[in-house]
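The data block below is coords24.txt; it holds compact mmCIF, C-alpha atoms.
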# COMPACT_ATOMS: atom_id res chain seq x y z
CA ARG A 8 -57.10 -7.90 -237.56
CA ILE A 9 -60.73 -7.27 -238.39
CA LEU A 10 -62.21 -9.91 -240.67
CA PHE A 11 -59.68 -10.15 -243.51
CA PHE A 12 -58.03 -6.75 -243.04
CA ASP A 13 -54.72 -6.80 -241.18
CA PHE A 14 -54.18 -3.31 -239.77
CA LYS A 15 -50.66 -4.06 -238.59
CA GLN A 16 -49.55 -5.20 -242.03
CA PHE A 17 -51.32 -2.31 -243.76
CA PHE A 18 -49.85 0.45 -241.60
CA ASN A 19 -46.40 -1.05 -241.25
CA ALA A 20 -45.66 -2.63 -244.60
CA ARG A 21 -47.96 -0.73 -246.89
CA VAL A 22 -48.12 2.86 -245.69
CA GLY A 23 -44.96 3.41 -243.67
CA ILE A 24 -42.51 1.46 -245.77
CA ALA A 25 -44.02 2.60 -249.09
CA LEU A 26 -43.68 6.26 -248.10
CA TRP A 27 -39.98 5.86 -247.38
CA PRO A 28 -38.68 5.76 -251.01
CA LEU A 29 -41.28 8.30 -252.13
CA ILE A 30 -40.05 10.84 -249.60
CA ASN A 31 -36.44 10.11 -250.57
CA LEU A 32 -37.33 10.64 -254.22
CA SER A 33 -39.00 13.95 -253.39
CA TYR A 34 -35.80 15.06 -251.64
CA ALA A 35 -33.80 14.14 -254.74
CA VAL A 36 -36.18 16.17 -256.92
CA LYS A 37 -35.93 19.13 -254.52
CA MET A 38 -32.13 18.93 -254.59
CA TYR A 39 -32.18 18.98 -258.37
CA GLN A 40 -34.56 21.96 -258.42
CA LEU A 41 -32.44 23.95 -255.98
CA HIS A 42 -28.93 23.03 -257.06
CA HIS A 43 -29.40 21.75 -260.65
CA THR A 44 -27.49 18.59 -259.77
CA LEU A 45 -27.75 15.40 -257.75
CA THR A 46 -24.81 14.59 -255.52
CA ASN A 47 -23.38 11.10 -255.29
CA SER A 48 -24.48 11.05 -251.66
CA MET A 49 -28.11 11.70 -252.58
CA MET A 50 -28.05 9.03 -255.28
CA LEU A 51 -26.47 6.55 -252.86
CA VAL A 52 -29.06 7.26 -250.14
CA ASN A 53 -31.89 6.78 -252.64
CA VAL A 54 -30.51 3.59 -254.18
CA LEU A 55 -29.53 1.86 -250.94
CA GLN A 56 -32.72 2.69 -249.09
CA PHE A 57 -34.81 1.70 -252.13
CA LEU A 58 -33.02 -1.67 -252.21
CA TYR A 59 -33.77 -2.12 -248.50
CA VAL A 60 -37.48 -1.40 -249.08
CA LEU A 61 -37.56 -3.66 -252.14
CA ASP A 62 -36.02 -6.48 -250.10
CA LEU A 63 -38.64 -5.95 -247.42
CA PHE A 64 -41.48 -6.17 -249.96
CA LEU A 65 -39.99 -9.28 -251.56
CA ASN A 66 -39.62 -10.94 -248.13
CA GLU A 67 -42.75 -9.56 -246.51
CA ASP A 68 -43.79 -12.91 -245.03
CA TRP A 69 -40.50 -13.13 -243.17
CA TYR A 70 -40.72 -9.51 -242.02
CA MET A 71 -44.22 -9.96 -240.60
CA ARG A 72 -42.93 -12.89 -238.52
CA THR A 73 -40.02 -11.01 -236.94
CA ILE A 74 -40.29 -10.77 -233.18
CA ASP A 75 -40.99 -7.04 -232.92
CA VAL A 76 -43.74 -7.13 -235.55
CA ALA A 77 -45.25 -10.47 -234.53
CA TYR A 78 -45.60 -9.76 -230.80
CA ASP A 79 -46.43 -6.05 -230.70
CA HIS A 80 -50.16 -5.49 -230.49
CA PHE A 81 -51.57 -2.99 -232.94
CA GLY A 82 -52.65 0.33 -231.47
CA PHE A 83 -51.93 4.04 -231.55
CA TYR A 84 -48.24 3.57 -230.72
CA LEU A 85 -47.64 1.20 -233.62
CA ALA A 86 -49.86 3.09 -236.08
CA TRP A 87 -48.26 6.46 -235.29
CA GLY A 88 -44.79 4.98 -235.46
CA ASP A 89 -45.49 3.41 -238.83
CA ILE A 90 -47.04 6.43 -240.52
CA ALA A 91 -45.19 9.30 -238.84
CA TRP A 92 -41.93 8.20 -237.25
CA LEU A 93 -40.70 5.61 -239.74
CA PRO A 94 -41.12 7.41 -243.08
CA PHE A 95 -40.01 10.82 -241.85
CA MET A 96 -37.20 9.93 -239.44
CA TYR A 97 -35.69 7.29 -241.70
CA THR A 98 -35.41 9.85 -244.51
CA LEU A 99 -33.56 12.54 -242.58
CA GLN A 100 -30.38 11.77 -244.52
CA GLY A 101 -32.03 12.98 -247.71
CA TYR A 102 -33.35 16.10 -245.99
CA TYR A 103 -29.88 16.90 -244.69
CA LEU A 104 -28.35 16.42 -248.13
CA VAL A 105 -30.84 18.85 -249.70
CA GLN A 106 -29.86 21.50 -247.15
CA HIS A 107 -26.10 20.74 -247.28
CA PRO A 108 -25.25 19.35 -250.74
CA THR A 109 -21.47 19.68 -250.40
Have the structure of the file written as structure tokens, please.
Amino acid sequence: RILFFDFKQFFNARVGIALWPLINLSYAVKMYQLHHTLTNSMMLVNVLQFLYVLDLFLNEDWYMRTIDVAYDHFGFYLAWGDIAWLPFMYTLQGYYLVQHPT
């Protein structure tokens, strides 16, 4: 934290988590462009993961007090994990469904 700016909260809850449903939505759009349909699997992935992210935003105070977030010091490892690993690895289901719709 520098002055009033919390880097851990910004990178984890704002950037990483906010990218998650946006990337899933882009996979759904790509599936529709390629195959002219959305499979039930793609809709389910988008809805369930969006609900998870929504729950996290609604309960952000609780999330920021969980043991892994509260006790990890902010640095390259946490920043990279939040902006690269989390949004792209957690959306691999959508990527797979675009490539293999049936």
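The neighbours of region 40-48 of chain A here are the residues that come within 8 Å of it, using only C-alpha atoms and leaving out any residue fewer than 5 positions away in the same chain; they are Ala35, Leu104, Pro108 and Thr109 of chain A.
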Using all atoms listed in the file, which protein or nucleic acid residues come within 10 Å of region 51-54 of chain A? Drop anything in the same chain fewer than 5 positions from it, and give the result as a count of residues only.
15
Distance CA of Leu85 (chain A)-CA of Trp69 (chain A), one decimal place?
18.6 Å
Mind checking which residues fall within 12 Å of Met96 (chain A), counting only C-alpha atoms, ignoring those fewer than 3 positions away in the same chain, and posting them as a list of chain:residue names?
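In the requested format, the answer is A:Gly23, A:Ile24, A:Leu26, A:Trp27, A:Ile30, A:Asn31, A:Gly88, A:Asp89, A:Ile90, A:Ala91, A:Trp92, A:Leu93, A:Leu99, A:Gln100, A:Gly101, A:Tyr102, A:Tyr103.
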Please list as number ranges by chain every residue within 10 Å of Met71 (chain A), counting all atoms listed in the file and excluding residues in the same chain fewer than 6 positions away.
A: 15-16, 19-20, 63, 77-78
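Distance-wise, CA of Val22 (chain A) and CA of Leu65 (chain A) end up 15.7 Å apart.
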Would you compute the distance between CA of Phe83 (chain A) and CA of Leu58 (chain A)? Give it in Å to one decimal.
28.6 Å
Can I get region 79-92 of chain A with N, CA and C atoms filled in, as a CSV table (one decimal), in the frame of the given file?
chain,number,residue,atom,x,y,z
A,79,ASP,N,-45.9,-7.4,-231.1
A,79,ASP,CA,-46.4,-6.0,-230.7
A,79,ASP,C,-47.9,-6.0,-231.1
A,80,HIS,N,-48.7,-5.6,-230.2
A,80,HIS,CA,-50.2,-5.5,-230.5
A,80,HIS,C,-50.4,-4.2,-231.2
A,81,PHE,N,-51.3,-4.2,-232.2
A,81,PHE,CA,-51.6,-3.0,-232.9
A,81,PHE,C,-52.4,-2.0,-232.1
A,82,GLY,N,-52.0,-0.7,-232.2
A,82,GLY,CA,-52.6,0.3,-231.5
A,82,GLY,C,-52.1,1.7,-231.9
A,83,PHE,N,-52.4,2.7,-231.2
A,83,PHE,CA,-51.9,4.0,-231.6
A,83,PHE,C,-50.4,4.1,-231.7
A,84,TYR,N,-49.7,3.5,-230.7
A,84,TYR,CA,-48.2,3.6,-230.7
A,84,TYR,C,-47.7,3.0,-232.0
A,85,LEU,N,-48.1,1.8,-232.4
A,85,LEU,CA,-47.6,1.2,-233.6
A,85,LEU,C,-48.1,1.9,-234.9
A,86,ALA,N,-49.4,2.4,-234.9
A,86,ALA,CA,-49.9,3.1,-236.1
A,86,ALA,C,-49.1,4.4,-236.3
A,87,TRP,N,-49.0,5.2,-235.2
A,87,TRP,CA,-48.3,6.5,-235.3
A,87,TRP,C,-46.8,6.2,-235.7
A,88,GLY,N,-46.2,5.3,-235.1
A,88,GLY,CA,-44.8,5.0,-235.5
A,88,GLY,C,-44.6,4.6,-236.9
A,89,ASP,N,-45.6,3.9,-237.4
A,89,ASP,CA,-45.5,3.4,-238.8
A,89,ASP,C,-45.8,4.5,-239.8
A,90,ILE,N,-46.7,5.4,-239.5
A,90,ILE,CA,-47.0,6.4,-240.5
A,90,ILE,C,-46.4,7.8,-240.3
A,91,ALA,N,-45.8,8.0,-239.1
A,91,ALA,CA,-45.2,9.3,-238.8
A,91,ALA,C,-43.7,9.1,-238.6
A,92,TRP,N,-43.3,8.3,-237.6
A,92,TRP,CA,-41.9,8.2,-237.2
A,92,TRP,C,-41.1,7.6,-238.4
